[in-house]
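Student: Have a look at this one before I ask anything.
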Amino acid sequence: MPKLVRKISFGGKLLEKQAWKVSVGRVVSATLLLLLLTLLLSRPPPSERLRVKGSPQRQVLIWTQQRAGSTLTSQLLTALSCSFVTMEPLRRHAAEGSSLLSDILRCRFSQRMNYFREWVTGPQANDLRVKAICEVYPSLCEDPAYTEAVCRAACANVVKVATAELGVATPLLQDPSLQVKVIHLVRDPRALLASRYEVELGKIISKVDGTFFTPEDKNATTVCRRYRQDLAAARSLRRQYPHRYMLVRYEDLALDPLRQVRALYAFVDLPYTVRVAHAVAKHTLGLFVYYYQVDPYSTFKNSTATVFEWRTRLAFEEVERVQEECADILQAYGYHSYHSRLQYDDPRTSPLLSLTPEMWSPETTSSSSD
């Protein structure tokens, strides 16, 4: 009996030792896998490295309005390591319009020294890699030569505009020396206004200039006037440049990000890579939802679960007012109007309708300016 006990005890130690080896093996394997994934995502594939000399740079304008999902769209479209990004250049330089955008798309920062200093040191999230280097080595960016070189070497030069009407983009598409493509991002005006109201409640710190949205920014009449201006320009661009204009609804992007982001990359002729797929998952699956809970500007959210959250925050009376002001806009972009409180409160009635080409014909939508 004592020997049997000793054997059993000894066998138990062997099992413990084997279990420990298995546990360590799993940890090592997981660590190696993590390192491999990190290397895979940190080292850009050939399609993401500096573009080959002579190959055309993709020039992309993301044209939208504030609180329409442009930050998420911009981050997903610039997930490639070879992208160069400029955010909101017309916010403080509206008068310079398409002329400033033309210089940015041509990487001519030396022609805009006052703007370039803002680009490097301002609060806008312009190309973060360049800005980070400029913070460490300020003398490197006293002259725009470095930034211009990085810009010209990029596979895509992406500029986001949210504070000017879409017609400002027309001269850029007419310029034969540029090959600009326009991604026109829209969002349900009821959702856009609900998001701006939320800003005023103090859930978002401030705008870049230190103020919240103005009363005009939160006025349905003003907002829908801007929608109409953009809609008129969109019809013209779509007719004249069908292969260089793309309409994207934020709701479609949020509900089916994989398909929509693939379509975006195909439109601008960029590869949909592992890095891009990783960015889509990180920003839309809710893996980092904590950041969204503490910062509504965060793009880390479960996009399918939050896309229609505005219905829980906007009273039906306010919805009616917006619908009265924006009936033609809702129809044009394929958004359902609610005609009763019961219908509005029913979660089964989606605000989103199918967007068909017929909705873009001049006969079906008003083109009035007020």
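Every chain in the structure tokens takes a letter, A first, then B, and so on in the order presented; its residues are numbered from 1, and the ligands are numbered from 1 following the presented order.
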Go through segment 97-344 of chain A and collect every residue that DSSP, computed from the backbone, puts in strand (DSSP E or B); the answer should be as a list in words.
Tutor: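 Answer for segment 97-344 of chain A, restricted to strand (DSSP E or B): Ala156, Asn157, Val158, Val159, Lys160, Val161, Val180, Lys181, Val182, Ile183, His184, Leu185, Val186, Tyr245, Met246, Leu247, Val248, Arg249, Leu285, Asn302 and Tyr335 of chain A.
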Student: For Val60 of chain A, which residue among A:Lys181, A:Glu216, A:Arg244, A:Asp230 is the nearest when counting only C-alpha atoms?
Tutor: A:Lys181
Student: Could you tell me which of A:Ser74, A:Ser236, A:Ser102, A:Ser110 comes closest to Asp127 of chain A if we count only C-alpha atoms?
Tutor: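 Smallest separation from Asp127 of chain A among the options: A:Ser74.
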Student: Any idea what's packed within 8 Å of Leu192 of chain A, counting only C-alpha atoms, ignoring anything in its chain fewer than 4 positions away? Could you give it as a VMD selection string?
Tutor: chain A and resid 66 to 68 187 to 188 196
Student: Could you check the closest approach to Arg341 of chain A for each of A:Cys82, A:Leu355, A:Ala315, A:Ala153 and tell me which residue wins, using only C-alpha atoms?
Tutor: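 Between A:Cys82, A:Leu355, A:Ala315, A:Ala153, the residue approaching Arg341 of chain A most closely is A:Ala315.
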Student: Could you please determine the separation between atom CA of Leu258 of chain A and atom CA of Ala277 of chain A in Å, to one decimal place?
Tutor: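 Pair atom CA of Leu258 of chain A / atom CA of Ala277 of chain A returns 7.7 Å.
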Student: Could you check which of A:Leu237, A:Val186, A:Ala149, A:Met113 is closest to Gly167 of chain A, using only C-alpha atoms?
Tutor: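 So, comparing all the options, the nearest one is A:Leu237.
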Student: Mind listing the helix (DSSP H, G or I) residues of segment 33-255 of chain A, per DSSP on the backbone, as a PyMOL selection string?
Tutor: chain A and resi 33-42+46-48+70-77+94-105+109-111+113-121+128-136+138-141+145-153+166-174+189-203+220-240+250-255
Student: If you measure from atom CA of Arg262 of chain A to atom CA of Met246 of chain A, what distance in Å do you get, rounded to one decimal?
Tutor: 13.2 Å
Student: Using only C-alpha atoms, which protein or nucleic acid residues come within 10 Å of Leu100 of chain A? Drop anything in the same chain fewer than 5 positions from it, and give the result as an MDAnalysis selection string.
Tutor: chainID A and resid 89:90 93:95 105:106 108:109 111:112 115
Student: Only N, CA, C and O atoms, please: the residues just picked out, written as a tab-separated table (two decimals), in the first residue's frame.
Tutor:
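Saved file selection05.tsv follows:
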chain	number	residue	atom	x	y	z
A	89	PRO	N	-9.31	71.56	-43.83
A	89	PRO	CA	-8.50	72.75	-44.15
A	89	PRO	C	-9.33	74.01	-44.33
A	89	PRO	O	-8.80	75.12	-44.18
A	90	LEU	N	-10.61	73.86	-44.65
A	90	LEU	CA	-11.44	75.05	-44.90
A	90	LEU	C	-12.17	75.55	-43.66
A	90	LEU	O	-12.93	76.52	-43.74
A	93	HIS	N	-10.22	78.57	-43.18
A	93	HIS	CA	-9.77	79.20	-44.43
A	93	HIS	C	-10.83	79.03	-45.52
A	93	HIS	O	-10.50	78.70	-46.66
A	94	ALA	N	-12.07	79.27	-45.15
A	94	ALA	CA	-13.17	79.06	-46.10
A	94	ALA	C	-13.03	79.93	-47.34
A	94	ALA	O	-13.37	79.50	-48.45
A	95	ALA	N	-12.52	81.13	-47.19
A	95	ALA	CA	-12.41	82.06	-48.32
A	95	ALA	C	-11.45	81.55	-49.39
A	95	ALA	O	-11.56	81.94	-50.55
A	105	LEU	N	-3.78	69.11	-52.46
A	105	LEU	CA	-3.78	67.90	-53.28
A	105	LEU	C	-2.51	67.79	-54.12
A	105	LEU	O	-2.10	66.68	-54.49
A	106	ARG	N	-1.87	68.91	-54.39
A	106	ARG	CA	-0.60	68.90	-55.12
A	106	ARG	C	0.60	68.90	-54.17
A	106	ARG	O	1.74	69.00	-54.62
A	108	ARG	N	1.63	71.22	-52.17
A	108	ARG	CA	2.36	72.48	-52.28
A	108	ARG	C	2.17	73.31	-51.01
A	108	ARG	O	1.58	74.39	-51.03
A	109	PHE	N	2.69	72.81	-49.91
A	109	PHE	CA	2.55	73.52	-48.64
A	109	PHE	C	3.42	74.78	-48.59
A	109	PHE	O	3.13	75.71	-47.84
A	111	GLN	N	3.55	76.95	-50.69
A	111	GLN	CA	2.77	78.06	-51.22
A	111	GLN	C	1.80	78.63	-50.18
A	111	GLN	O	1.18	79.67	-50.42
A	112	ARG	N	1.68	77.92	-49.05
A	112	ARG	CA	0.70	78.29	-48.01
A	112	ARG	C	1.37	78.24	-46.64
A	112	ARG	O	0.99	77.45	-45.78
A	115	TYR	N	-0.90	78.63	-43.54
A	115	TYR	CA	-1.70	77.42	-43.35
A	115	TYR	C	-0.81	76.26	-42.92
A	115	TYR	O	-1.19	75.45	-42.05
